[in-house]
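Asks: There's a structure below that I have some questions on.
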Amino acid sequence: MTQTAPMSAMKSRMEEASKMKDEDKLYKRDGVLYSTILSPPETLDKLKDLQVREDDLLLVAYPKCGFNWMVAVLRKIMNASTGKNEAPPERSPLVEFLPPDAQQKLAEAPSQRLLGTHLHPDNMPASFFTKKPKILVVFRNPKDTLVSYFHFMNKNPVLPSAEPWDKFFSEFMAGEVPWGSYFDHALAWEKRLDDPNVMIVTYEDLKQNLSEGVKKVAEFFNFPLSEEQIRSIAGESTFSVMLENSQKSHGGFGQVFFRKGEVGDWKNHFTKDQSKQMDELFKNKLAGTKLGARLKYDLYCQ
Ligand code: A3P
């Protein structure tokens, strides 16, 4: 089978990663760690000029909060509303993974584009905010995010191994993980919660009632969908259905992106002391904030 450019590019990135030492897989830029292979300095330099359009759909999530889940939901919403059944593009919508030539192609792509990022708002291209596109932000409780991140780093050859657990726990707490501190991201979005172009959804609310989540997201982006379409998209977007289709949708990476898909897996990983440390950090950083309340920490993290 002939490989498309992005597929072969991904394969060569994997090969590059397999020859690399763990300590070379990340580098620091303005105090934040990034993947040397996926987001090298020339990619991030060029990204500053990326021109977002007002009608782009922007999806933002701190890593492991459910980004790929929402990408799939958004693509289904777009397909349902246009009546087309467009195959998903081979490339991830994460803009910080697009090498300069792919950024150029993106600039020529027709509307309506779906763009995504794990970047902190301060490090996003300026046009993300000046052009005023709608931005959907996905958050997840920090304990499950940490657990998901730990397994992701262990399974993803582009990133260094996260082992041992205690070391990764401390790194996450200190924000010394790729894309930076969970809490810095959360505090940056807290300031933008009242922006009418920004909507925040949580992983836990989506798990609780996916149909309701699909409906909210479709309405936010002005896609009129029938109740039947909403039900059908939600049915196709459960963890078990997406896991079953993951080989087809994400190839070898299916197993990396779709792991357990549950709320509360942190209870199988955190020691009592680590749980207390996170409670303390959450209290210091997010207690009394609107986003903190939206995360329902007492319900999902106690
Ligand atoms: P776990 O590691 O806890 O299983 P991201 O896409 O941002 O990297 O997030 C990955 C997390 O979302 C993983 O969490 C993954 O299993 C979960 N996930 C992916 N699809 C999902 C779905 N349809 N329903 C629930 N969780 C899903």
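Going by the structure tokens order, chains are called A, B, ..., each with residues numbered from 1, while ligands are numbered from 1 in the order shown.
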Please give the complete set of residues from stretch 240-273 of chain A that DSSP, run on the backbone, assigns to alpha helix (DSSP H), formatted as number ranges by chain.
Replies: A: 240-244, 246-250, 254-257, 272-273
Asks: Could those residues be written to a file, using N, CA, C and O atoms, as a compact mmCIF listing (two decimals), in the first residue's frame?
Replies:
# COMPACT_ATOMS: atom_id res chain seq x y z
N SER A 240 -16.13 2.41 24.42
CA SER A 240 -16.03 1.04 23.87
C SER A 240 -16.12 1.05 22.36
O SER A 240 -15.36 0.33 21.68
N VAL A 241 -16.99 1.88 21.78
CA VAL A 241 -17.10 1.92 20.31
C VAL A 241 -15.83 2.52 19.71
O VAL A 241 -15.28 2.00 18.73
N MET A 242 -15.32 3.58 20.33
CA MET A 242 -14.11 4.20 19.77
C MET A 242 -12.90 3.28 19.91
O MET A 242 -12.05 3.23 19.03
N LEU A 243 -12.85 2.54 21.01
CA LEU A 243 -11.73 1.60 21.19
C LEU A 243 -11.79 0.51 20.11
O LEU A 243 -10.78 0.15 19.50
N GLU A 244 -13.00 0.03 19.87
CA GLU A 244 -13.18 -1.02 18.86
C GLU A 244 -12.73 -0.55 17.47
O GLU A 244 -12.15 -1.31 16.70
N SER A 246 -10.50 1.78 16.94
CA SER A 246 -9.27 2.59 17.04
C SER A 246 -8.17 2.16 16.08
O SER A 246 -7.38 2.99 15.62
N GLN A 247 -8.12 0.88 15.76
CA GLN A 247 -7.09 0.43 14.83
C GLN A 247 -7.31 1.11 13.48
O GLN A 247 -6.37 1.62 12.84
N LYS A 248 -8.60 1.19 13.08
CA LYS A 248 -8.94 1.81 11.80
C LYS A 248 -8.73 3.33 11.86
O LYS A 248 -8.18 3.94 10.95
N SER A 249 -9.16 3.94 12.98
CA SER A 249 -9.10 5.40 13.05
C SER A 249 -7.70 5.93 13.38
O SER A 249 -7.31 7.00 12.92
N HIS A 250 -6.92 5.20 14.18
CA HIS A 250 -5.63 5.73 14.64
C HIS A 250 -4.47 4.78 14.41
O HIS A 250 -3.37 5.01 14.93
N GLY A 254 -3.85 3.62 18.15
CA GLY A 254 -5.14 3.39 18.81
C GLY A 254 -4.96 2.99 20.26
O GLY A 254 -5.58 3.54 21.17
N GLN A 255 -4.06 2.05 20.50
CA GLN A 255 -3.83 1.54 21.85
C GLN A 255 -3.25 2.61 22.76
O GLN A 255 -3.33 2.52 23.98
N VAL A 256 -2.60 3.61 22.15
CA VAL A 256 -1.98 4.67 22.94
C VAL A 256 -3.03 5.70 23.38
O VAL A 256 -3.02 6.18 24.51
N PHE A 257 -3.96 6.02 22.47
CA PHE A 257 -4.94 7.06 22.78
C PHE A 257 -6.14 6.54 23.58
O PHE A 257 -6.77 7.29 24.32
N LYS A 272 -1.94 7.39 49.54
CA LYS A 272 -2.72 8.32 50.37
C LYS A 272 -2.03 9.68 50.42
O LYS A 272 -2.66 10.73 50.33
N ASP A 273 -0.70 9.64 50.57
CA ASP A 273 0.05 10.87 50.68
C ASP A 273 0.00 11.67 49.37
O ASP A 273 -0.13 12.90 49.38
Asks: Show me, as a Markdown table, the residues of stretch 105-204 of chain A having an atom within 12 Å of stretch 79-89 of chain A, each with the closest atom pair and its distance in Å, using only C-alpha atoms.
Replies:
| residue | atom | partner | partner_atom | distance |
| --- | --- | --- | --- | --- |
| A:Leu106 | CA | A:Pro89 | CA | 11.8 |
| A:Ala109 | CA | A:Pro89 | CA | 11.9 |
| A:Gln112 | CA | A:Thr82 | CA | 10.9 |
| A:Arg113 | CA | A:Pro89 | CA | 11.0 |
| A:Leu114 | CA | A:Pro89 | CA | 10.3 |
| A:Leu115 | CA | A:Pro89 | CA | 11.6 |
Asks: Within 10 Å of ligand 1, which residues show up when you count only C-alpha atoms and all ligand atoms? List them as a VMD selection string, please.
Replies: chain A and resid 60 to 73 118 138 to 140 143 to 152 203 to 204 206 to 207 210 234 to 243 246 254 to 266
Asks: Name the closest residue to A:Lys105 among the candidates A:Ser127, A:Asn245, A:Gln51, A:Gln277; distances are taken between atoms, counting only C-alpha atoms.
Replies: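 Among the listed residues, A:Gln51 lies closest to A:Lys105.
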Asks: List the spatial neighbours of A:Leu295 as a list in words - criterion: any atom at most 7 Å away, only C-alpha atoms, same-chain residues fewer than 4 positions off excluded.
Replies: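 Neighbouring residues, sequence-local ones excluded: Arg140, Asn141, Thr202 and Leu291 of chain A.
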Asks: When you count only C-alpha atoms, which of these residues is closest to A:Phe168: A:Leu136, A:Arg53, A:Ser18, A:Met153?
Replies: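 Ranked by minimum distance to A:Phe168, first place goes to A:Met153.
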